[in-house]
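Trainee: So here's model-v5.cif (mmCIF, C-alpha atoms and all ligand atoms).
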data_run
loop_
_atom_site.label_atom_id
_atom_site.label_comp_id
_atom_site.auth_asym_id
_atom_site.auth_seq_id
_atom_site.Cartn_x
_atom_site.Cartn_y
_atom_site.Cartn_z
CA MET O 1 144.85 119.03 24.73
CA ILE O 2 142.23 117.02 26.57
CA LEU O 3 140.36 118.98 29.22
CA SER O 4 139.81 117.83 32.77
CA ASP O 5 142.12 114.98 32.02
CA SER O 6 142.76 113.70 35.50
CA PRO O 7 141.56 110.12 36.05
CA GLU O 8 139.99 111.28 39.36
CA PHE O 9 137.79 113.77 37.49
CA ARG O 10 136.43 111.17 35.12
CA ALA O 11 136.13 108.30 37.60
CA LEU O 12 134.32 110.44 40.12
CA LYS O 13 131.80 111.80 37.67
CA TYR O 14 130.99 108.49 36.01
CA GLY O 15 131.01 106.74 39.38
CA GLN O 16 128.49 109.26 40.68
CA TYR O 17 126.10 108.43 37.85
CA LEU O 18 126.32 104.70 38.43
CA ALA O 19 125.98 105.14 42.18
CA GLN O 20 122.71 106.98 41.68
CA THR O 21 121.13 104.07 39.87
CA ASN O 22 122.06 101.43 42.42
CA ARG O 23 120.16 99.59 45.09
CA ASN O 24 123.18 97.85 46.52
CA PRO O 25 124.37 99.93 48.27
CA ILE O 26 121.06 101.76 48.51
CA CYS O 27 121.47 105.24 47.07
CA LEU O 28 119.66 107.63 49.37
CA SER O 29 120.67 110.63 47.24
CA SER O 30 119.44 109.52 43.82
CA VAL O 31 117.58 112.06 41.67
CA PHE O 32 116.17 109.23 39.59
CA ILE O 33 112.63 107.92 39.77
CA ASP O 34 112.35 104.27 40.76
CA PRO O 35 112.47 102.27 37.49
CA ARG O 36 109.71 100.08 38.94
CA LEU O 37 107.36 103.07 38.49
CA LEU O 38 108.25 103.58 34.84
CA PRO O 39 106.08 102.37 31.94
CA ILE O 40 108.40 99.88 30.32
CA LYS O 41 105.45 97.68 29.19
CA LYS O 42 103.77 100.64 27.47
CA ILE O 43 107.05 101.48 25.75
CA GLU O 44 107.55 97.88 24.59
CA LYS O 45 103.96 97.71 23.32
CA THR O 46 104.39 100.94 21.38
CA ILE O 47 107.64 99.82 19.75
CA LEU O 48 106.03 96.51 18.72
CA LYS O 49 102.93 98.25 17.38
CA LEU O 50 105.03 100.57 15.24
CA ALA O 51 107.27 97.78 13.99
CA LYS O 52 104.36 95.46 13.11
CA SER O 53 102.56 98.17 11.18
CA HIS O 54 105.81 99.05 9.32
CA ARG O 55 105.47 102.59 10.56
CA LEU O 56 108.89 102.97 12.15
CA SER O 57 110.18 106.37 11.20
CA LYS O 58 112.37 106.71 8.14
CA SER O 59 112.73 110.44 8.49
CA ASN O 60 114.81 112.24 11.04
CA ASP O 61 114.53 115.99 10.95
CA PRO O 62 117.61 117.32 12.80
CA GLN O 63 115.39 119.70 14.75
CA GLY O 64 113.33 116.73 15.93
CA ASN O 65 110.17 114.86 14.96
CA ASP O 66 107.67 117.50 13.85
CA ARG O 67 104.59 115.71 15.28
CA LEU O 68 106.33 115.37 18.61
CA ARG O 69 107.20 119.07 18.62
CA ILE O 70 103.50 119.83 18.04
CA GLU O 71 102.51 117.58 20.97
CA ILE O 72 105.07 119.21 23.27
CA ALA O 73 104.04 122.72 22.22
CA LYS O 74 100.39 121.84 23.01
CA ARG O 75 101.33 120.74 26.53
CA LEU O 76 103.52 123.79 27.08
CA LYS O 77 100.67 126.07 26.03
CA LYS O 78 98.46 124.37 28.63
CA ALA O 79 101.15 125.21 31.18
CA SER O 80 100.98 128.84 29.95
CA ILE O 81 104.29 128.70 28.10
CA GLY O 82 103.34 129.94 24.67
CA VAL O 83 105.64 128.40 22.08
CA GLU O 84 105.42 127.47 18.43
CA PRO O 85 106.63 123.99 17.39
CA GLU O 86 109.14 125.77 15.10
CA GLU O 87 110.87 127.25 18.16
CA LEU O 88 111.42 123.85 19.75
CA ILE O 89 114.59 121.81 19.35
CA LEU O 90 114.41 118.21 20.50
CA THR O 91 117.54 117.07 22.27
CA HIS O 92 119.30 113.95 23.43
CA GLY O 93 118.01 114.33 27.01
CA SER O 94 117.97 117.82 28.41
CA GLN O 95 121.71 117.59 29.02
CA GLN O 96 122.16 118.27 25.32
CA ALA O 97 120.04 121.41 25.66
CA ILE O 98 122.60 122.81 28.11
CA ASP O 99 125.36 121.77 25.75
CA LEU O 100 123.80 123.48 22.71
CA VAL O 101 123.29 126.80 24.49
CA THR O 102 126.77 126.68 26.04
CA ARG O 103 128.45 126.07 22.73
CA ALA O 104 126.35 128.50 20.74
CA MET O 105 126.99 131.38 23.16
CA THR O 106 129.70 133.86 22.30
CA GLY O 107 130.65 134.95 25.85
CA ARG O 108 133.13 133.04 28.01
CA VAL O 109 131.55 133.43 31.45
CA VAL O 110 128.66 131.30 32.71
CA ALA O 111 127.02 131.58 36.12
CA THR O 112 125.01 128.93 37.89
CA GLU O 113 123.75 128.02 41.33
CA ASP O 114 126.20 127.03 44.02
CA PRO O 115 125.82 124.15 44.82
CA PRO O 116 125.45 123.42 41.11
CA TYR O 117 123.91 120.59 39.12
CA PHE O 118 127.22 118.77 38.78
CA LEU O 119 126.87 117.63 35.16
CA ALA O 120 126.13 121.19 34.06
CA ARG O 121 129.27 122.30 35.85
CA SER O 122 131.27 119.54 34.09
CA LEU O 123 129.80 120.62 30.80
CA PHE O 124 130.83 124.25 31.29
CA GLU O 125 134.29 123.05 32.27
CA VAL O 126 134.80 120.87 29.21
CA ASN O 127 133.57 123.72 27.03
CA GLN O 128 136.26 125.91 28.63
CA LYS O 129 133.79 128.39 30.08
CA SER O 130 134.73 130.37 33.11
CA MET O 131 132.31 129.50 35.92
CA VAL O 132 130.73 131.80 38.46
CA GLY O 133 128.90 130.38 41.48
CA LEU O 134 125.69 132.00 42.77
CA PRO O 135 125.15 130.83 46.35
CA VAL O 136 121.78 129.29 47.18
CA CYS O 137 121.05 127.99 50.66
CA PRO O 138 118.58 125.08 50.61
CA PHE O 139 116.78 126.66 53.59
CA THR O 140 117.01 130.41 53.05
CA GLY O 141 117.52 130.73 49.31
CA VAL O 142 119.38 133.38 47.34
CA ASP O 143 122.19 135.35 48.92
CA LYS O 144 121.45 138.51 46.93
CA LYS O 145 124.52 140.43 48.03
CA LYS O 146 126.85 137.66 46.90
CA TRP O 147 124.93 137.12 43.66
CA LEU O 148 125.18 140.81 42.80
CA LYS O 149 128.87 140.93 43.57
CA GLN O 150 129.52 137.92 41.34
CA ILE O 151 127.34 139.20 38.52
CA GLU O 152 128.63 142.75 38.56
CA THR O 153 132.30 141.80 38.74
CA LYS O 154 132.40 138.69 36.54
CA LYS O 155 129.71 139.77 34.05
CA PRO O 156 128.35 136.39 32.93
CA ALA O 157 126.89 136.25 29.43
CA LEU O 158 124.70 133.30 30.42
CA VAL O 159 123.08 132.37 33.72
CA TYR O 160 121.91 128.77 33.91
CA LEU O 161 119.25 128.37 36.61
CA THR O 162 116.84 125.71 37.79
CA SER O 163 113.86 127.79 38.80
CA ARG O 164 112.25 125.08 40.91
CA PHE O 165 113.27 121.81 42.58
CA GLN O 166 116.99 122.28 42.12
CA ASN O 167 119.44 119.43 42.02
CA PRO O 168 121.08 119.01 44.52
CA SER O 169 119.45 121.43 46.98
CA GLY O 170 115.75 120.82 46.14
CA TYR O 171 115.28 124.60 46.40
CA SER O 172 112.64 126.55 44.41
CA TYR O 173 112.97 130.32 44.01
CA THR O 174 110.32 132.42 45.71
CA GLU O 175 108.10 134.77 43.75
CA PHE O 176 110.19 137.65 45.05
CA GLU O 177 113.49 136.05 44.03
CA LEU O 178 112.21 135.25 40.53
CA GLN O 179 111.16 138.83 40.04
CA TRP O 180 114.54 140.03 41.27
CA ILE O 181 116.36 137.66 38.89
CA CYS O 182 114.36 139.10 35.96
CA GLU O 183 115.35 142.61 36.99
CA GLN O 184 119.01 141.63 37.24
CA SER O 185 118.93 140.02 33.82
CA ALA O 186 117.70 143.29 32.32
CA ALA O 187 120.10 145.46 34.35
CA ASN O 188 123.19 143.31 33.83
CA HIS O 189 122.49 142.05 30.31
CA PHE O 190 122.76 138.29 30.82
CA ARG O 191 120.70 135.66 29.04
CA ILE O 192 118.97 132.97 31.10
CA LEU O 193 118.82 129.26 30.43
CA GLU O 194 115.98 127.94 32.60
CA ASP O 195 116.05 124.26 33.52
CA ASP O 196 112.62 122.98 34.53
CA TRP O 197 113.62 119.30 34.64
CA ALA O 198 111.56 118.31 37.70
CA SER O 199 108.46 120.47 37.42
CA ASP O 200 105.93 117.72 36.79
CA MET O 201 107.15 114.84 38.92
CA MET O 202 104.56 115.28 41.64
CA SER O 203 100.79 115.81 41.68
CA SER O 204 100.64 118.83 43.99
CA ARG O 205 100.60 122.07 42.01
CA THR O 206 102.11 125.44 42.78
CA ASN O 207 101.36 128.81 41.20
CA HIS O 208 104.93 129.10 40.04
CA LYS O 209 105.36 131.25 36.94
CA SER O 210 108.48 130.26 35.05
CA LEU O 211 111.19 132.72 34.04
CA ARG O 212 110.23 132.07 30.42
CA GLN O 213 106.66 133.12 31.20
CA ARG O 214 107.88 136.24 32.95
CA MET O 215 110.48 137.35 30.43
CA GLY O 216 109.24 135.84 27.21
CA SER O 217 111.30 134.36 24.44
CA SER O 218 114.59 135.94 25.52
CA VAL O 219 114.81 133.08 28.08
CA PHE O 220 115.87 129.65 26.85
CA TYR O 221 113.71 127.05 28.56
CA MET O 222 114.40 123.30 28.77
CA ASN O 223 112.79 120.14 30.08
CA SER O 224 113.13 116.41 29.70
CA PHE O 225 111.29 113.09 29.54
CA THR O 226 114.19 110.90 30.59
CA LYS O 227 113.48 110.72 34.32
CA LYS O 228 109.70 110.43 34.03
CA LEU O 229 109.56 107.98 31.15
CA PHE O 230 112.73 105.99 30.99
CA PRO O 231 116.38 107.02 31.38
CA GLY O 232 117.31 105.18 28.17
CA LEU O 233 114.63 106.96 26.16
CA ARG O 234 116.75 110.04 25.90
CA VAL O 235 114.52 112.81 24.69
CA GLY O 236 114.44 116.33 26.05
CA TYR O 237 113.84 119.71 24.49
CA LEU O 238 115.01 123.28 24.29
CA VAL O 239 112.59 126.14 23.75
CA ALA O 240 114.59 128.68 21.79
CA ASN O 241 113.30 131.58 19.75
CA LYS O 242 113.30 132.43 16.07
CA ALA O 243 116.51 134.47 16.23
CA SER O 244 118.59 131.85 18.05
CA LEU O 245 117.32 128.84 16.14
CA GLU O 246 119.90 128.92 13.35
CA PRO O 247 123.04 129.10 15.54
CA LEU O 248 121.66 126.45 17.91
CA MET O 249 120.81 124.14 15.03
CA ALA O 250 124.26 124.67 13.53
CA VAL O 251 125.82 123.46 16.80
CA LYS O 252 123.42 120.55 17.03
CA ARG O 253 124.13 119.37 13.49
CA ALA O 254 127.87 119.71 13.99
CA SER O 255 127.63 117.72 17.19
CA THR O 256 125.17 114.91 16.43
CA SER O 257 124.33 115.36 12.75
CA SER O 258 120.71 114.34 13.25
CA VAL O 259 118.39 112.78 15.82
CA SER O 260 117.23 109.42 17.10
CA GLY O 261 114.14 109.47 14.89
CA ILE O 262 112.78 106.14 16.12
CA LEU O 263 112.96 107.07 19.82
CA GLU O 264 111.24 110.37 19.14
CA GLN O 265 108.54 108.58 17.20
CA VAL O 266 107.97 106.17 20.09
CA LEU O 267 107.56 109.09 22.49
CA CYS O 268 105.22 110.82 20.03
CA GLU O 269 103.03 107.70 19.81
CA LEU O 270 102.91 107.49 23.61
CA MET O 271 101.72 111.08 23.72
CA VAL O 272 99.17 110.86 20.91
CA SER O 273 97.66 107.65 22.33
CA GLY O 274 97.23 109.23 25.77
CA ASP O 275 99.54 106.62 27.34
CA TYR O 276 102.09 109.23 28.35
CA ASP O 277 99.62 111.48 30.17
CA GLU O 278 98.01 108.48 31.87
CA HIS O 279 101.42 107.27 33.02
CA LEU O 280 102.48 110.72 34.20
CA ALA O 281 99.32 111.19 36.28
CA GLU O 282 99.86 107.81 37.98
CA LEU O 283 103.57 108.48 38.48
CA GLN O 284 102.86 111.85 40.10
CA VAL O 285 100.54 110.18 42.62
CA GLN O 286 103.18 107.56 43.46
CA VAL O 287 106.00 110.10 43.83
CA GLN O 288 103.75 112.28 45.99
CA LYS O 289 103.05 109.30 48.28
CA ARG O 290 106.75 108.61 48.64
CA TYR O 291 107.44 112.25 49.32
CA GLU O 292 104.81 112.43 52.04
CA ALA O 293 106.03 109.19 53.64
CA SER O 294 109.62 110.49 53.61
CA VAL O 295 108.60 113.81 55.16
CA GLU O 296 106.64 111.99 57.87
CA ALA O 297 109.59 109.72 58.68
CA LEU O 298 111.97 112.69 58.73
CA GLU O 299 109.65 114.69 61.02
CA LYS O 300 109.67 111.86 63.55
CA MET O 301 113.40 111.49 63.23
CA LYS O 302 113.87 115.21 63.80
CA ILE O 303 111.87 115.05 67.04
CA ARG O 304 113.84 112.04 68.35
CA LEU O 305 117.19 113.59 67.44
CA GLY O 306 116.06 116.91 68.89
CA ARG O 307 115.56 115.22 72.28
CA ARG O 308 119.25 114.38 72.16
CA GLU O 309 120.04 117.94 71.05
CA ILE O 310 121.26 116.76 67.68
CA GLU O 311 120.78 119.39 64.99
CA PHE O 312 118.72 117.93 62.16
CA ASN O 313 116.52 119.73 59.68
CA PHE O 314 115.19 119.18 56.20
CA THR O 315 113.46 121.08 53.38
CA ARG O 316 109.96 120.40 52.04
CA PRO O 317 110.19 121.12 48.31
CA MET O 318 106.68 119.78 47.47
CA GLY O 319 107.92 118.67 44.08
CA GLY O 320 110.83 117.29 42.12
CA SER O 321 112.62 114.25 43.43
CA VAL O 322 115.10 115.55 46.02
CA LEU O 323 115.09 117.39 49.33
CA TRP O 324 117.95 118.61 51.46
CA VAL O 325 118.85 117.28 54.90
CA GLY O 326 120.73 119.82 56.98
CA LEU O 327 123.01 118.79 59.84
CA SER O 328 125.09 120.87 62.18
CA LYS O 329 127.80 122.87 60.37
CA LYS O 330 130.32 121.15 62.64
CA SER O 331 129.22 117.63 61.68
CA ASP O 332 131.60 115.50 59.71
CA THR O 333 129.41 114.57 56.74
CA GLU O 334 132.28 112.86 54.94
CA LYS O 335 132.67 110.48 57.86
CA LEU O 336 128.91 109.96 57.98
CA ALA O 337 128.96 109.07 54.27
CA HIS O 338 131.86 106.72 54.83
CA ASP O 339 130.19 104.97 57.80
CA LEU O 340 126.89 104.72 55.95
CA LEU O 341 128.59 103.01 53.05
CA LYS O 342 129.80 100.31 55.39
CA GLU O 343 126.11 99.74 56.17
CA SER O 344 125.21 99.64 52.47
CA VAL O 345 123.69 103.12 52.27
CA ARG O 346 125.21 105.73 49.98
CA ILE O 347 124.71 109.47 50.32
CA LEU O 348 126.14 112.36 48.35
CA ALA O 349 127.35 114.47 51.23
CA ALA O 350 128.25 118.14 51.28
CA ARG O 351 129.30 120.51 54.01
CA GLY O 352 126.43 120.70 56.47
CA GLY O 353 124.17 118.09 54.96
CA PHE O 354 123.22 115.75 52.16
CA LYS O 355 120.75 115.34 49.32
CA LEU O 356 117.89 112.89 49.86
CA GLY O 357 116.08 111.44 46.83
CA PHE O 358 112.55 110.43 47.75
CA ALA O 359 111.39 109.08 44.36
CA PHE O 360 113.95 106.32 43.93
CA LEU O 361 113.34 104.14 46.98
CA SER O 362 110.14 102.38 48.05
CA GLU O 363 108.64 103.47 51.38
CA ARG O 364 110.13 100.37 53.00
CA GLU O 365 113.60 100.96 51.58
CA MET O 366 113.46 104.60 52.64
CA LYS O 367 112.42 103.70 56.18
CA LYS O 368 115.25 101.19 56.46
CA ALA O 369 117.85 103.62 55.12
CA LEU O 370 116.68 106.40 57.45
CA GLN O 371 116.85 104.09 60.46
CA ILE O 372 120.50 103.46 59.65
CA VAL O 373 121.18 107.20 59.24
CA GLU O 374 119.52 107.90 62.60
CA ARG O 375 121.48 105.18 64.37
CA LEU O 376 124.78 106.54 63.02
CA LEU O 377 123.88 110.12 63.93
CA LEU O 378 123.10 109.00 67.48
CA VAL O 379 126.48 107.28 67.70
CA ALA O 380 128.32 110.28 66.24
CA PHE O 381 126.93 112.84 68.68
C1 LIG T 1 118.92 119.66 37.10
C2 LIG T 1 119.06 118.69 35.99
N1 LIG T 1 118.99 119.13 34.74
C3 LIG T 1 119.13 118.31 33.69
C4 LIG T 1 119.35 116.98 33.87
C5 LIG T 1 119.59 116.14 32.64
O1 LIG T 1 118.64 115.22 32.43
P1 LIG T 1 118.56 114.37 31.10
O2 LIG T 1 119.70 114.70 30.22
O3 LIG T 1 118.56 112.96 31.54
O4 LIG T 1 117.27 114.78 30.46
C6 LIG T 1 119.42 116.45 35.16
C7 LIG T 1 119.66 115.04 35.39
O5 LIG T 1 119.72 114.55 36.49
C8 LIG T 1 119.29 117.33 36.25
O6 LIG T 1 119.38 116.90 37.50
#
Rewrite the structure from the file as C-alpha cells, please.

Mentor:
Amino acid sequence: MILSDSPEFRALKYGQYLAQTNRNPICLSSVFIDPRLLPIKKIEKTILKLAKSHRLSKSNDPQGNDRLRIEIAKRLKKASIGVEPEELILTHGSQQAIDLVTRAMTGRVVATEDPPYFLARSLFEVNQKSMVGLPVCPFTGVDKKKWLKQIETKKPALVYLTSRFQNPSGYSYTEFELQWICEQSAANHFRILEDDWASDMMSSRTNHKSLRQRMGSSVFYMNSFTKKLFPGLRVGYLVANKASLEPLMAVKRASTSSVSGILEQVLCELMVSGDYDEHLAELQVQVQKRYEASVEALEKMKIRLGRREIEFNFTRPMGGSVLWVGLSKKSDTEKLAHDLLKESVRILAARGGFKLGFAFLSEREMKKALQIVERLLLVAF
C-alpha cells in the first residue's frame, strides 16, 4: 500500500517547495537564502579546477568523504561540539539525517514541535510513525504542561527538535527551556534528534549551548550546507555516536547505497581552500542586513497599524532566516493569503499569523511586499 496517497497530499507538499523558491509571485514566507547571495562562481571554479587536474573523486565511502568529515569535525570543535570524524555521517541534505534516524529507531512514536517543520512531519508520516505535537508559541515558547501531558501519555521514543531558529515559527528555546528539555529526556527516556539547520546564517552570535553540548553523545545532532551554499549541492550531516553508527549506516546503505562522492569533494575543496568560510562570513553580513531592514520596516508598520487599532506583532529571532508575524486570533489569515496572491505575494499562513522569510528577498522586494500586506490589512480591518 502506498502511504499518504491522496493527490492533495502530494500536490500540496511539492507545490509548497516550488512556491518557496519563486519570485513571481514573491514568496514572503521562504526559508531559502536568496540565490543571488550564493557562491555559484566559486562552486563552478572549484569543479573546473578539480576536473582539469584530473582529481575528481573516484572513491565514495558510504559514510561520506573522509577529508570532508575531518573539516566538519574541526569546525564543530570550534563551536564546542566535540566530535570525531568517525562519528559523522554525511547525508543527502539534512533531510536524509532525519530519515536515517527515523528509520533506524525501534519505537513507533515520534514527537516534534507544533507547528512542525512540515517535511519532517511528512517524513514521519511516510515512515508510519505515530506523531505527537509539542506546542510552541512563536512569542511565548514552550507550553510545558501540554508537553508533559503529551510525553507522559504517548511516550515518544524520539523527540525531534530544532533548538534555535525553528521553521516555521523562528523560535529559539530559552536557556531555561533547554535545561528543562534535558531533564525530561532523562526522566522520560526519549532520545533527541537536534536540528541546528539555521544556526550560522547570521553574523550576530548568541551564547546558545546546543542540546548535544549539554547532553553529550546521546543526542543526535544534524546540520546542513544546502541553504548556505547552494540548494542543489545537497550535503548535510548527522553527528551520531559510536554505538549508533552501525544501525544508521545499515539504513543509509539500504536506502542510497553510497554517496555523491563528487559533490562532497567539491564541498571539501571549498572548505580547505578557505572559500567556504569567506563566503559564509560575507553571507552572514548580508542576511543580517536584510534581517535588520525587515525588522525596521515591520516596527514602522506595527506603529501605523497600531494607530488604527489593528493587532500586529512579530518576533525578533536574531538568526536563521524566518520570523513570525502575529495577527489577531480573529483575523482570517486564509483570506489574507488569498488576497495577497492576487497581488502577486505569497505567504504560508497559519491560524493567527504567517511566517516571514527575511533572507530570500532583497530589501527593495521586502519593502514592496510589506507595503502590499499593510494595505490589505488596512482594508480588512
Ligand atoms: C528545519 C529544517 N530542517 C532541515 C531542513 C532540510 O534541509 P536540507 O535537506 O536542504 O539540508 C530544512 C529545510 O528547509 C528545515 O527547514

Trainee: Applying 12 Å and all atoms listed in the file, which residues near Phe176 of chain O remain after dropping the ones on its own chain fewer than 2 positions away? List them as a PyMOL selection string.

Mentor: chain O and resi 141-142+144+172-174+178-183+208-209

Trainee: For Phe165 of chain O, which residue among O:Pro138, O:Pro231, O:Pro25, O:Pro35 is the nearest when counting only C-alpha atoms?

Mentor: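 Counting only C-alpha atoms, the residue closest to Phe165 of chain O is O:Pro138.
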
Trainee: Give one line per residue of chain O that approaches ligand LIG 1 (chain T) to at most 9 Å, naming the two atoms of the closest pair and their distance in Å to one decimal, counting all atoms listed in the file; sort by chain then ascending residue number and deliver it as JSON lines.

Mentor:
{"residue": "O:Tyr17", "atom": "CA", "partner": "T:LIG1", "partner_atom": "O5", "distance": 8.9}
{"residue": "O:Ser30", "atom": "CA", "partner": "T:LIG1", "partner_atom": "O5", "distance": 8.9}
{"residue": "O:Val31", "atom": "CA", "partner": "T:LIG1", "partner_atom": "O5", "distance": 6.1}
{"residue": "O:Phe32", "atom": "CA", "partner": "T:LIG1", "partner_atom": "O5", "distance": 7.1}
{"residue": "O:Thr91", "atom": "CA", "partner": "T:LIG1", "partner_atom": "O4", "distance": 8.5}
{"residue": "O:His92", "atom": "CA", "partner": "T:LIG1", "partner_atom": "O2", "distance": 6.8}
{"residue": "O:Gly93", "atom": "CA", "partner": "T:LIG1", "partner_atom": "O4", "distance": 3.6}
{"residue": "O:Ser94", "atom": "CA", "partner": "T:LIG1", "partner_atom": "O4", "distance": 3.7}
{"residue": "O:Gln95", "atom": "CA", "partner": "T:LIG1", "partner_atom": "O2", "distance": 3.7}
{"residue": "O:Gln96", "atom": "CA", "partner": "T:LIG1", "partner_atom": "O2", "distance": 6.5}
{"residue": "O:Ala97", "atom": "CA", "partner": "T:LIG1", "partner_atom": "O2", "distance": 8.1}
{"residue": "O:Ile98", "atom": "CA", "partner": "T:LIG1", "partner_atom": "C3", "distance": 8.0}
{"residue": "O:Pro116", "atom": "CA", "partner": "T:LIG1", "partner_atom": "C1", "distance": 8.5}
{"residue": "O:Tyr117", "atom": "CA", "partner": "T:LIG1", "partner_atom": "C1", "distance": 5.5}
{"residue": "O:Phe118", "atom": "CA", "partner": "T:LIG1", "partner_atom": "O6", "distance": 8.2}
{"residue": "O:Leu119", "atom": "CA", "partner": "T:LIG1", "partner_atom": "C6", "distance": 7.5}
{"residue": "O:Ala120", "atom": "CA", "partner": "T:LIG1", "partner_atom": "N1", "distance": 7.5}
{"residue": "O:Leu161", "atom": "CA", "partner": "T:LIG1", "partner_atom": "C1", "distance": 8.7}
{"residue": "O:Thr162", "atom": "CA", "partner": "T:LIG1", "partner_atom": "C1", "distance": 6.4}
{"residue": "O:Phe165", "atom": "CA", "partner": "T:LIG1", "partner_atom": "C1", "distance": 8.2}
{"residue": "O:Gln166", "atom": "CA", "partner": "T:LIG1", "partner_atom": "C1", "distance": 6.0}
{"residue": "O:Asn167", "atom": "CA", "partner": "T:LIG1", "partner_atom": "C1", "distance": 5.0}
{"residue": "O:Pro168", "atom": "CA", "partner": "T:LIG1", "partner_atom": "O6", "distance": 7.5}
{"residue": "O:Asp195", "atom": "CA", "partner": "T:LIG1", "partner_atom": "N1", "distance": 6.0}
{"residue": "O:Asp196", "atom": "CA", "partner": "T:LIG1", "partner_atom": "N1", "distance": 7.4}
{"residue": "O:Trp197", "atom": "CA", "partner": "T:LIG1", "partner_atom": "N1", "distance": 5.4}
{"residue": "O:Ala198", "atom": "CA", "partner": "T:LIG1", "partner_atom": "C1", "distance": 7.5}
{"residue": "O:Met222", "atom": "CA", "partner": "T:LIG1", "partner_atom": "C3", "distance": 8.5}
{"residue": "O:Asn223", "atom": "CA", "partner": "T:LIG1", "partner_atom": "O4", "distance": 7.0}
{"residue": "O:Ser224", "atom": "CA", "partner": "T:LIG1", "partner_atom": "O4", "distance": 4.5}
{"residue": "O:Phe225", "atom": "CA", "partner": "T:LIG1", "partner_atom": "O4", "distance": 6.3}
{"residue": "O:Thr226", "atom": "CA", "partner": "T:LIG1", "partner_atom": "O3", "distance": 4.9}
{"residue": "O:Lys227", "atom": "CA", "partner": "T:LIG1", "partner_atom": "O3", "distance": 6.2}
{"residue": "O:Pro231", "atom": "CA", "partner": "T:LIG1", "partner_atom": "O3", "distance": 6.3}
{"residue": "O:Gly232", "atom": "CA", "partner": "T:LIG1", "partner_atom": "O3", "distance": 8.6}
{"residue": "O:Leu233", "atom": "CA", "partner": "T:LIG1", "partner_atom": "O3", "distance": 9.0}
{"residue": "O:Arg234", "atom": "CA", "partner": "T:LIG1", "partner_atom": "O4", "distance": 6.6}
{"residue": "O:Val235", "atom": "CA", "partner": "T:LIG1", "partner_atom": "O4", "distance": 6.7}
{"residue": "O:Gly236", "atom": "CA", "partner": "T:LIG1", "partner_atom": "O4", "distance": 5.5}
{"residue": "O:Tyr237", "atom": "CA", "partner": "T:LIG1", "partner_atom": "O4", "distance": 8.5}

Trainee: Nearest to Ile26 of chain O among O:Ser362, O:Arg55, O:Leu377, O:Ser344, with distances taken over all atoms listed in the file: which residue is it?

Mentor: O:Ser344

Trainee: What lies within 12 Å of Ala369 of chain O using all atoms listed in the file, ignoring chain neighbours under 4 positions off, as JSON, numbers by chain?

Mentor: {"O": [23, 24, 25, 26, 27, 28, 29, 294, 297, 298, 340, 341, 343, 344, 345, 346, 347, 356, 357, 358, 361, 362, 363, 364, 365, 373, 374, 375, 376]}

Trainee: Store the residues picked out above in a file with C-alpha atoms, as a PDB file, keeping the file's coordinate frame.

Mentor:
ATOM      1  CA  ARG O  23     120.160  99.590  45.090  1.00  0.00           C
ATOM      2  CA  ASN O  24     123.180  97.850  46.520  1.00  0.00           C
ATOM      3  CA  PRO O  25     124.370  99.930  48.270  1.00  0.00           C
ATOM      4  CA  ILE O  26     121.060 101.760  48.510  1.00  0.00           C
ATOM      5  CA  CYS O  27     121.470 105.240  47.070  1.00  0.00           C
ATOM      6  CA  LEU O  28     119.660 107.630  49.370  1.00  0.00           C
ATOM      7  CA  SER O  29     120.670 110.630  47.240  1.00  0.00           C
ATOM      8  CA  SER O 294     109.620 110.490  53.610  1.00  0.00           C
ATOM      9  CA  ALA O 297     109.590 109.720  58.680  1.00  0.00           C
ATOM     10  CA  LEU O 298     111.970 112.690  58.730  1.00  0.00           C
ATOM     11  CA  LEU O 340     126.890 104.720  55.950  1.00  0.00           C
ATOM     12  CA  LEU O 341     128.590 103.010  53.050  1.00  0.00           C
ATOM     13  CA  GLU O 343     126.110  99.740  56.170  1.00  0.00           C
ATOM     14  CA  SER O 344     125.210  99.640  52.470  1.00  0.00           C
ATOM     15  CA  VAL O 345     123.690 103.120  52.270  1.00  0.00           C
ATOM     16  CA  ARG O 346     125.210 105.730  49.980  1.00  0.00           C
ATOM     17  CA  ILE O 347     124.710 109.470  50.320  1.00  0.00           C
ATOM     18  CA  LEU O 356     117.890 112.890  49.860  1.00  0.00           C
ATOM     19  CA  GLY O 357     116.080 111.440  46.830  1.00  0.00           C
ATOM     20  CA  PHE O 358     112.550 110.430  47.750  1.00  0.00           C
ATOM     21  CA  LEU O 361     113.340 104.140  46.980  1.00  0.00           C
ATOM     22  CA  SER O 362     110.140 102.380  48.050  1.00  0.00           C
ATOM     23  CA  GLU O 363     108.640 103.470  51.380  1.00  0.00           C
ATOM     24  CA  ARG O 364     110.130 100.370  53.000  1.00  0.00           C
ATOM     25  CA  GLU O 365     113.600 100.960  51.580  1.00  0.00           C
ATOM     26  CA  VAL O 373     121.180 107.200  59.240  1.00  0.00           C
ATOM     27  CA  GLU O 374     119.520 107.900  62.600  1.00  0.00           C
ATOM     28  CA  ARG O 375     121.480 105.180  64.370  1.00  0.00           C
ATOM     29  CA  LEU O 376     124.780 106.540  63.020  1.00  0.00           C
TER      30      LEU O 376
END

Trainee: For the atom pair atom CA of Phe381 of chain O and atom CA of Leu305 of chain O, what is the interatomic distance in Å to one decimal place?

Mentor: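 Computing it gives 9.8 Å between the two atoms.
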
Trainee: Identify which of the residues O:Leu50, O:Met105, O:Ile372, O:Val322 lies closest to Gly170 of chain O, counting all atoms listed in the file when measuring atom-to-atom distances.

Mentor: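 Comparing O:Leu50, O:Met105, O:Ile372, O:Val322 against Gly170 of chain O, the winner is O:Val322.
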
Trainee: Which residue out of O:Leu263, O:Leu211, O:Val239, O:Val110 has the minimum interatomic distance to Leu56 of chain O when all atoms listed in the file are used?

Mentor: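 Between O:Leu263, O:Leu211, O:Val239, O:Val110, the residue approaching Leu56 of chain O most closely is O:Leu263.
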